Amino acid sequence: NYPDYGTSSQNITDVWVYANDVSVGCFELPAHIPILAKGSTKLTFSPGIKVNGMAATRATYPFYSNVSYQCNLSPDSAIRINPVFSFSSSSVVTFNEDFESAGIIFQKTAGSDTTIEATNRPGEVFLNTQDPTEVSNYSGVINLDAVQDTFEIENISAYSLPVNGTYTFLEFNYKTTTPVVVGLKSYYSSKTVIEPLIVLNPTTAWKKIYVNYTTAVSGNYNATNFRIYFSGVLRTGATSDKVLFDNIKLIHASTSKK
């Protein structure tokens with residue numbers, strides 16, 4: 001449902017499986033899954049991700065609904081299941097920047113030499129190969145050179161976000177030639193707390209990542225509002241660098257906002 005949730009681009013790497021509501025385990029996709037039950041069996045699947053892009057932090061993605069199938073299982077046989085997941089109606093999108101509309105919801109900060117712009121140049125636009133019907137005419141680009149060698153961008157608007165451990169994730173597609181810091185700014189009446197959360201490593205191909213903001217947001221439960229930020233610098237010895245983004249989406253579980 002693109003109007004509500006944006007791109008269908010995903011990086012679901014695992015599936016958590018339950019047989020008649022009993023856990024079978026977590027399996028990296030694609031998977032052959034051994035099920036000891038036989039006869040009519042309810043199989044339930046939860047999609048799994050690498051939180052913050054790290055293989056050591058695999059977890060279920062909290063914003064998709066589980067999918068269940070009633071299957072007739074028999075020993076020494078196999079059935080093929082291709083589950084299709086959808087966003088849960090309880091998931092709330094705070095913002096979704098796909099660079100397809102006029103204006104961009106990010107701005108450069110006072111300490112930044114340059115900003116993010118929309119680009120439609122061939123080779124710079126993200127294309128969702130998982131869904132060729134999805135239209136993508138523009139992506140976001142930040143160009144660095146010897147004169148403009150530092151960038152930091154943040155949301156133009158500050159947002160109220162839920163605390164008390166409510167799941168909050170930032171997900172996006174990216175491609176970059178230089179490391180990029182992804183972080184959170186928490187605003188209080190008398191101070192601003194700036195927290196870098198992860199660093200994106202350079203990549204020659206577009207990647208999808210899910211960044212967990214839950215602990216950082218809840219740890220600043222007295223903050224009045226928040227901004228997301230990205231920052232980076234020109235690599236030592238390089239004459240230019242390019243950072244590309246698309247489908248930057250901040251999403252959280254439904255709850256009363258602070």
# chains A, B, ... in the order shown; residues from 1 in each chain; ligands from 1
$ residues_around --residues "Asp4 in chain A" --least-positions-apart "5" --cutoff "12 Å" --atoms "only C-alpha atoms" --output "PyMOL selection string"
chain A and resi 86-89+91-96+249+251
$ select_by_dssp --residues "range 188-257 of chain A" --states "alpha helix (DSSP H)" --output "list in words"
Thr214, Thr215, Ala216, Val217, Ser218 and Gly219 of chain A
$ write_last_selection --atoms "N, CA and C atoms" --output "JSON list (two decimals), in the first residue's frame"
[["chain", "number", "residue", "atom", "x", "y", "z"],
["A", 214, "THR", "N", 14.46, 2.60, 19.04],
["A", 214, "THR", "CA", 13.61, 2.40, 20.21],
["A", 214, "THR", "C", 14.30, 2.82, 21.51],
["A", 215, "THR", "N", 15.50, 2.31, 21.75],
["A", 215, "THR", "CA", 16.21, 2.60, 23.00],
["A", 215, "THR", "C", 16.61, 4.06, 23.09],
["A", 216, "ALA", "N", 17.08, 4.63, 21.98],
["A", 216, "ALA", "CA", 17.52, 6.02, 21.99],
["A", 216, "ALA", "C", 16.36, 6.97, 22.28],
["A", 217, "VAL", "N", 15.21, 6.72, 21.65],
["A", 217, "VAL", "CA", 14.04, 7.58, 21.89],
["A", 217, "VAL", "C", 13.54, 7.42, 23.32],
["A", 218, "SER", "N", 13.38, 6.17, 23.77],
["A", 218, "SER", "CA", 12.85, 5.94, 25.11],
["A", 218, "SER", "C", 13.82, 6.42, 26.19],
["A", 219, "GLY", "N", 15.12, 6.39, 25.90],
["A", 219, "GLY", "CA", 16.10, 6.89, 26.86],
["A", 219, "GLY", "C", 16.03, 8.39, 27.05]]
$ residues_around --residues "Leu197 in chain A" --least-positions-apart "4" --cutoff "10 Å" --atoms "only C-alpha atoms" --output "short mmCIF file (atom, residue, chain, number, x, y, z; two decimals) with N, CA, C and O atoms, in the first residue's frame"
data_model
loop_
_atom_site.label_atom_id
_atom_site.label_comp_id
_atom_site.auth_asym_id
_atom_site.auth_seq_id
_atom_site.Cartn_x
_atom_site.Cartn_y
_atom_site.Cartn_z
N ASN A 52 19.88 -2.95 12.51
CA ASN A 52 21.04 -2.09 12.27
C ASN A 52 22.02 -2.70 11.27
O ASN A 52 23.20 -2.34 11.25
N VAL A 181 27.16 8.65 9.24
CA VAL A 181 26.63 8.49 10.59
C VAL A 181 25.12 8.70 10.56
O VAL A 181 24.64 9.65 9.94
N VAL A 182 24.39 7.80 11.22
CA VAL A 182 22.93 7.92 11.36
C VAL A 182 22.64 8.10 12.83
O VAL A 182 23.09 7.30 13.67
N GLY A 183 21.89 9.16 13.19
CA GLY A 183 21.69 9.41 14.61
C GLY A 183 20.39 10.10 14.95
O GLY A 183 19.50 10.26 14.10
N LEU A 184 20.29 10.50 16.20
CA LEU A 184 19.08 11.10 16.76
C LEU A 184 19.44 12.37 17.53
O LEU A 184 20.42 12.40 18.27
N VAL A 211 17.13 0.64 11.07
CA VAL A 211 17.86 1.16 12.21
C VAL A 211 16.91 1.27 13.40
O VAL A 211 15.85 1.91 13.31
N ASN A 212 17.30 0.66 14.50
CA ASN A 212 16.45 0.62 15.70
C ASN A 212 16.65 1.88 16.54
O ASN A 212 17.73 2.10 17.11
N TYR A 213 15.63 2.71 16.61
CA TYR A 213 15.66 3.94 17.40
C TYR A 213 14.95 3.78 18.75
O TYR A 213 14.87 4.74 19.52
N ALA A 216 17.08 4.63 21.98
CA ALA A 216 17.52 6.02 21.99
C ALA A 216 16.36 6.97 22.28
O ALA A 216 16.49 7.92 23.06
#
$ residues_around --residues "Asn11 in chain A" --least-positions-apart "4" --cutoff "8 Å" --atoms "only C-alpha atoms" --output "PyMOL selection string"
chain A and resi 49+208-209
$ atom_distance --atom1 "CA of Gln148 in chain A" --atom2 "CA of Thr109 in chain A"
13.5 Å
$ closest_residue --among "A:Ala59, A:Asn66, A:Asn82, A:Ser112" --to "Ala31 in chain A" --atoms "only C-alpha atoms"
A:Asn82
$ atom_distance --atom1 "CA of Ser23 in chain A" --atom2 "CA of Ser254 in chain A"
25.8 Å
